[in-house]
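As provided, work_38.cif (mmCIF, C-alpha atoms) reads as follows.
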data_start
loop_
_atom_site.label_atom_id
_atom_site.label_comp_id
_atom_site.auth_asym_id
_atom_site.auth_seq_id
_atom_site.Cartn_x
_atom_site.Cartn_y
_atom_site.Cartn_z
CA MET A 256 -18.97 -7.69 -41.30
CA ASN A 257 -16.72 -8.14 -44.30
CA ALA A 258 -16.60 -11.42 -46.21
CA TYR A 259 -12.88 -10.95 -46.90
CA PHE A 260 -9.73 -9.67 -45.17
CA SER A 261 -7.84 -6.37 -45.20
CA GLN A 262 -4.12 -5.76 -45.72
CA ASP A 263 -3.94 -4.79 -42.03
CA VAL A 264 -4.33 -8.44 -41.04
CA PHE A 265 -1.19 -9.49 -42.91
CA ASP A 266 0.77 -6.38 -41.90
CA SER A 267 0.00 -7.08 -38.24
CA LEU A 268 1.31 -10.63 -38.56
CA ARG A 269 4.52 -9.41 -40.23
CA ASP A 270 5.12 -6.91 -37.44
CA LEU A 271 4.30 -9.46 -34.75
CA ARG A 272 6.84 -11.85 -36.27
CA LEU A 273 9.48 -9.12 -36.22
CA ASN A 274 8.60 -7.98 -32.69
CA ASN A 275 7.54 -11.13 -30.87
CA ASN A 276 7.86 -9.84 -27.32
CA ARG A 277 5.40 -8.82 -24.61
CA ASP A 278 6.25 -5.11 -24.59
CA TRP A 279 5.54 -4.68 -28.30
CA TYR A 280 2.46 -6.89 -28.15
CA TYR A 281 0.75 -4.98 -25.37
CA GLN A 282 1.65 -1.64 -26.93
CA ASN A 283 -0.01 -2.87 -30.15
CA LYS A 284 -2.76 -5.01 -28.63
CA GLU A 285 -5.56 -2.86 -30.06
CA ARG A 286 -4.15 -3.38 -33.54
CA ILE A 287 -3.79 -7.16 -33.02
CA ASN A 288 -7.32 -7.35 -31.64
CA GLY A 289 -8.57 -5.48 -34.70
CA ALA A 290 -7.02 -8.10 -36.97
CA ARG A 291 -8.41 -10.92 -34.83
CA LYS A 292 -11.84 -9.26 -34.99
CA GLU A 293 -11.73 -9.55 -38.78
CA LEU A 294 -11.24 -13.31 -38.37
CA GLU A 295 -13.99 -13.51 -35.75
CA ASP A 296 -16.45 -11.72 -38.04
CA PHE A 297 -15.48 -13.94 -40.97
CA ILE A 298 -15.95 -17.15 -38.98
CA ASN A 299 -19.32 -15.92 -37.70
CA LEU A 300 -20.39 -15.53 -41.33
CA LEU A 301 -18.93 -18.91 -42.22
CA ILE A 302 -20.47 -21.16 -39.56
CA PRO A 303 -24.17 -20.95 -40.55
CA GLU A 304 -23.25 -21.37 -44.21
CA VAL A 305 -21.15 -24.48 -43.51
CA ARG A 306 -24.07 -25.95 -41.57
CA LYS A 307 -26.13 -25.87 -44.77
CA PHE A 308 -24.03 -28.73 -46.18
CA ASP A 309 -22.77 -30.27 -42.92
CA SER A 310 -25.17 -30.29 -39.98
CA ASN A 311 -22.64 -32.13 -37.81
CA ILE A 312 -21.17 -28.79 -36.77
CA SER A 313 -22.95 -26.67 -34.19
CA PHE A 314 -24.05 -23.05 -34.16
CA ILE A 315 -21.27 -21.57 -32.01
CA ASP A 316 -19.84 -18.11 -31.56
CA ALA A 317 -16.62 -17.65 -33.50
CA LYS A 318 -14.74 -16.72 -30.33
CA LYS A 319 -15.10 -20.35 -29.22
CA ALA A 320 -13.62 -21.53 -32.52
CA MET A 321 -10.59 -19.22 -32.46
CA TYR A 322 -7.22 -20.10 -30.98
CA LYS A 323 -5.61 -17.78 -28.43
CA GLN A 324 -2.68 -15.65 -29.55
CA SER A 325 -0.41 -16.58 -26.63
CA ARG A 326 1.77 -19.68 -26.88
CA ASP A 327 2.24 -22.36 -24.24
CA ILE A 328 6.02 -22.14 -23.83
CA ARG A 329 6.38 -24.30 -20.71
CA PHE A 330 7.88 -27.29 -22.51
CA SER A 331 9.06 -25.61 -25.72
CA PRO A 332 12.63 -24.58 -26.57
CA ASP A 333 11.07 -21.68 -28.50
CA LYS A 334 10.26 -19.07 -25.86
CA THR A 335 8.65 -16.47 -28.13
CA PRO A 336 5.41 -15.66 -26.31
CA PHE A 337 2.95 -15.27 -29.20
CA LYS A 338 1.79 -17.23 -32.24
CA ILE A 339 2.57 -15.53 -35.54
CA HIS A 340 -0.66 -16.71 -37.14
CA TYR A 341 -4.39 -16.32 -36.57
CA ALA A 342 -6.45 -19.49 -36.65
CA ALA A 343 -9.88 -20.95 -36.02
CA VAL A 344 -11.31 -24.45 -36.20
CA ILE A 345 -14.91 -25.61 -36.49
CA PHE A 346 -15.06 -29.08 -34.97
CA TYR A 347 -17.86 -31.61 -35.11
CA GLY A 348 -19.65 -31.24 -31.77
CA GLY A 349 -18.85 -27.54 -31.43
CA ILE A 350 -15.87 -27.74 -29.07
CA LYS A 351 -12.13 -27.90 -29.75
CA GLN A 352 -11.40 -31.61 -29.59
CA MET A 353 -8.34 -33.02 -31.32
CA GLY A 354 -9.05 -36.11 -33.38
CA MET A 355 -12.55 -35.06 -34.49
CA PRO A 356 -13.54 -34.08 -38.06
CA CYS A 357 -13.15 -30.35 -38.55
CA TYR A 358 -12.87 -27.35 -40.84
CA TYR A 359 -9.66 -25.43 -40.08
CA PHE A 360 -8.79 -21.87 -41.14
CA HIS A 361 -5.23 -20.52 -40.85
CA ILE A 362 -3.83 -17.05 -41.64
CA GLU A 363 -0.07 -16.64 -41.58
CA GLU A 364 2.38 -14.41 -43.40
CA GLY A 365 2.97 -16.30 -46.66
CA HIS A 366 1.26 -19.44 -45.33
CA CYS A 367 -2.55 -19.24 -45.44
CA LEU A 368 -4.61 -22.38 -45.78
CA PHE A 369 -7.88 -24.26 -45.40
CA SER A 370 -7.77 -27.75 -43.99
CA GLY A 371 -10.11 -30.42 -42.76
CA GLY A 372 -10.49 -34.05 -41.89
CA VAL A 373 -9.13 -35.74 -38.76
CA TYR A 374 -5.78 -34.77 -37.25
CA CYS A 375 -4.00 -36.81 -34.57
CA PRO A 376 -6.72 -39.37 -33.79
CA GLU A 377 -6.30 -41.67 -30.80
CA LYS A 378 -5.00 -45.19 -31.49
CA GLU A 379 -8.44 -46.82 -31.32
CA THR A 380 -9.99 -44.15 -33.55
CA LEU A 381 -7.20 -44.46 -36.10
CA LYS A 382 -7.83 -48.21 -36.29
CA LYS A 383 -11.55 -47.57 -36.90
CA ILE A 384 -10.74 -45.12 -39.70
CA ARG A 385 -8.32 -47.54 -41.35
CA ASP A 386 -10.86 -50.35 -41.12
CA GLU A 387 -13.58 -48.18 -42.65
CA ILE A 388 -11.29 -47.31 -45.55
CA TYR A 389 -10.18 -50.94 -45.94
CA TYR A 390 -13.74 -52.23 -46.25
CA ASN A 391 -15.03 -49.25 -48.28
CA VAL A 392 -11.96 -48.23 -50.24
CA ASP A 393 -13.83 -47.56 -53.48
CA GLU A 394 -16.14 -45.14 -51.68
CA PHE A 395 -13.16 -43.43 -50.01
CA LYS A 396 -11.29 -43.07 -53.29
CA SER A 397 -14.38 -41.69 -54.99
CA ILE A 398 -14.47 -38.95 -52.32
CA ILE A 399 -10.83 -37.90 -52.68
CA ASN A 400 -11.00 -38.17 -56.48
CA ASP A 401 -14.23 -36.20 -56.78
CA LYS A 402 -14.04 -33.26 -59.20
CA LEU A 403 -14.87 -30.64 -56.54
CA PHE A 404 -12.43 -32.16 -54.04
CA THR A 405 -9.53 -32.25 -56.50
CA LYS A 406 -10.22 -28.64 -57.49
CA PHE A 407 -8.92 -27.63 -54.04
CA TYR A 408 -7.02 -30.60 -52.59
CA ASN A 409 -4.26 -32.87 -53.78
CA GLY A 410 -5.37 -35.99 -51.93
CA ILE A 411 -4.68 -36.72 -48.27
CA ASP A 412 -1.78 -34.86 -46.62
CA SER A 413 1.16 -37.23 -46.25
CA GLU A 414 2.95 -35.76 -43.22
CA GLU A 415 4.11 -38.29 -40.61
CA LYS A 416 3.24 -41.20 -42.84
CA LEU A 417 4.26 -44.68 -41.67
CA LYS A 418 7.14 -46.35 -43.49
CA MET A 419 5.89 -49.80 -42.58
CA VAL A 420 2.50 -51.39 -43.16
CA PRO A 421 0.23 -50.82 -40.13
CA LYS A 422 -0.33 -53.90 -38.00
CA GLY A 423 -3.25 -56.08 -39.07
CA TYR A 424 -3.18 -55.26 -42.80
CA SER A 425 -1.53 -57.00 -45.73
CA LYS A 426 1.34 -55.29 -47.51
CA ASP A 427 -0.05 -56.77 -50.74
CA TRP A 428 -3.37 -54.91 -50.48
CA PRO A 429 -3.44 -52.60 -53.55
CA ASP A 430 -4.28 -49.43 -51.59
CA ILE A 431 -2.13 -50.10 -48.54
CA ASP A 432 -0.38 -46.74 -48.98
CA ILE A 433 -3.57 -44.94 -47.91
CA LEU A 434 -3.61 -46.80 -44.60
CA LYS A 435 -0.06 -45.66 -43.78
CA ASN A 436 -1.39 -42.20 -42.98
CA LYS A 437 -1.39 -41.21 -39.29
CA HIS A 438 -3.70 -38.27 -40.04
CA PHE A 439 -6.50 -38.07 -42.58
CA CYS A 440 -6.48 -34.39 -43.51
CA ALA A 441 -6.50 -32.41 -46.73
CA SER A 442 -5.12 -28.87 -47.10
CA HIS A 443 -5.46 -26.06 -49.61
CA PHE A 444 -3.09 -23.08 -49.61
CA VAL A 445 -4.28 -19.62 -50.56
CA SER A 446 -2.52 -16.30 -51.13
CA PRO A 447 -3.13 -13.11 -49.14
CA GLU A 448 -4.34 -11.55 -52.38
CA LYS A 449 -7.05 -14.20 -52.67
CA MET A 450 -8.10 -13.61 -49.07
CA MET A 451 -8.55 -9.90 -49.79
CA ASP A 452 -10.85 -10.65 -52.73
CA LYS A 453 -14.45 -9.58 -52.09
CA ASP A 454 -15.73 -13.02 -53.11
CA PHE A 455 -13.47 -14.82 -50.64
CA LEU A 456 -16.28 -16.07 -48.38
CA ASN A 457 -17.88 -17.93 -51.29
CA TYR A 458 -14.49 -19.35 -52.26
CA THR A 459 -13.96 -20.61 -48.70
CA LEU A 460 -17.40 -22.19 -48.61
CA LYS A 461 -16.75 -24.09 -51.84
CA ALA A 462 -13.43 -25.33 -50.43
CA PHE A 463 -15.08 -26.48 -47.21
CA GLU A 464 -18.00 -28.06 -49.05
CA ALA A 465 -15.43 -30.06 -51.01
CA LEU A 466 -14.22 -31.45 -47.65
CA SER A 467 -17.63 -32.33 -46.29
CA ASP A 468 -17.91 -35.85 -47.73
CA LEU A 469 -14.46 -36.70 -46.33
CA ASN A 470 -15.45 -35.44 -42.89
CA LYS A 471 -18.72 -37.38 -42.97
CA PHE A 472 -16.96 -40.59 -44.04
CA LEU A 473 -14.41 -40.25 -41.23
CA TYR A 474 -17.10 -39.47 -38.68
CA ARG A 475 -19.07 -42.56 -39.73
CA ALA A 476 -15.95 -44.62 -39.08
CA MET A 477 -15.57 -43.17 -35.61
CA THR A 478 -19.17 -43.62 -34.44
#
When written as structure tokens, how does the structure in this file appear?
Amino acid sequence: MNAYFSQDVFDSLRDLRLNNNRDWYYQNKERINGARKELEDFINLLIPEVRKFDSNISFIDAKKAMYKQSRDIRFSPDKTPFKIHYAAVIFYGGIKQMGMPCYYFHIEEGHCLFSGGVYCPEKETLKKIRDEIYYNVDEFKSIINDKLFTKFYNGIDSEEKLKMVPKGYSKDWPDIDILKNKHFCASHFVSPEKMMDKDFLNYTLKAFEALSDLNKFLYRAMT
């Protein structure tokens, strides 16, 4: 198993984007499966190493962490049948469960990234996270300002941020902007060239280790 990716992975995604139809896909399924196998092998190498600094994740087979290539198009105006990225997520608890702390890995043509934290938590969970930050804001800020964290991440992702102060908190609280987040994730973008570097597994592990204190803080809030 290689600890990095080949050019074939990125070429297959380019060609899938240009030929996103069932006929092409099934004619090239062996090639797509070969690219997906590279991700599967990589994630299988990654999981036991991540457990060394975060025992909240389980020993699972990478196949259970990977997303399927087919899209659910039932309620989407976009009827292209296949995703044009390869992705896997290692959730706390070992199963895919939105709203739980995780380590996410995404390969897309010109858009590769690591991410982690909590995405799309339920209303009650979001309130618990905000409360934990409110009462322990210095600890939270020390995590996202840590030297290793800031080497890879530029704070908490700000997508879908509230414009108004969330209910139950004062607009005059000095760090109220943090609580406006709907998601508490951090992302780090990487180039295909970096992913083809032979030391890429170690690079990924350092990036995920930098996320581990954030994940543990969020999990403490939820439990």
Residues returned when the PyMOL selection byres ((chain A and resi 322) around 6) runs on this file, as number ranges by chain: A: 321, 323, 342-343
Exercise: residues within 8 Å of coordinate (-3.0, -7.8, -34.0), counting only C-alpha atoms, as a VMD selection string: chain A and resid 264 267 to 268 271 283 to 291
Selection under test: the PyMOL selection byres ((chain A and resi 328-339) around 8); residues as a list in words: Leu268, Arg269, Leu271, Arg272, Asn275, Asn276, Arg277, Gln324, Ser325, Arg326, Asp327, His340, Tyr341, Glu363 and Glu364 of chain A
Pairwise distance for CA of Met355 (chain A) and CA of Ile388 (chain A), rounded to one decimal in Å: 16.6 Å
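Atom to atom, CA of Asn311 (chain A) and CA of Glu414 (chain A) stand 26.4 Å apart.
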Residues matched by the PyMOL selection byres ((chain A and resi 295-298) around 7), written as a PyMOL selection string: chain A and resi 256-258+291-294+299-302+317-318
CA of Phe260 (chain A) to CA of Met450 (chain A), distance in Å rounded to a single decimal: 5.8 Å
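With all atoms listed in the file as the atoms that count, the minimum distance from Tyr389 (chain A) to the choices A:Asp432, A:Gly348, A:Tyr358, A:Phe369 is reached by A:Asp432.
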Pick from A:Tyr408, A:Phe395, A:Tyr280, A:Phe360 nearest to Thr459 (chain A), counting all atoms listed in the file: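 Comparing A:Tyr408, A:Phe395, A:Tyr280, A:Phe360 against Thr459 (chain A), the winner is A:Phe360.
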Residue neighbourhood Glu394 (chain A), 12 Å, all atoms listed in the file, exclusion window fewer than 5 positions, as a PyMOL selection string: chain A and resi 387-389+399-401+468-469+471-473
Residue nearest Tyr374 (chain A) - candidates A:Ala441, A:Ala465, A:Ile345, A:Leu273, atoms counted: only C-alpha atoms: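 Among the listed residues, the smallest separation from Tyr374 (chain A) belongs to A:Ala441.
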Residue nearest Phe463 (chain A) among A:Lys449, A:Lys351, A:Lys406, A:His438 (counting only C-alpha atoms): A:Lys406
Minimum-distance residue to Val420 (chain A), chosen among A:Glu448, A:Cys440, A:Arg385, A:Glu377 (using all atoms listed in the file):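 With all atoms listed in the file as the atom set, the closest residue is A:Arg385.
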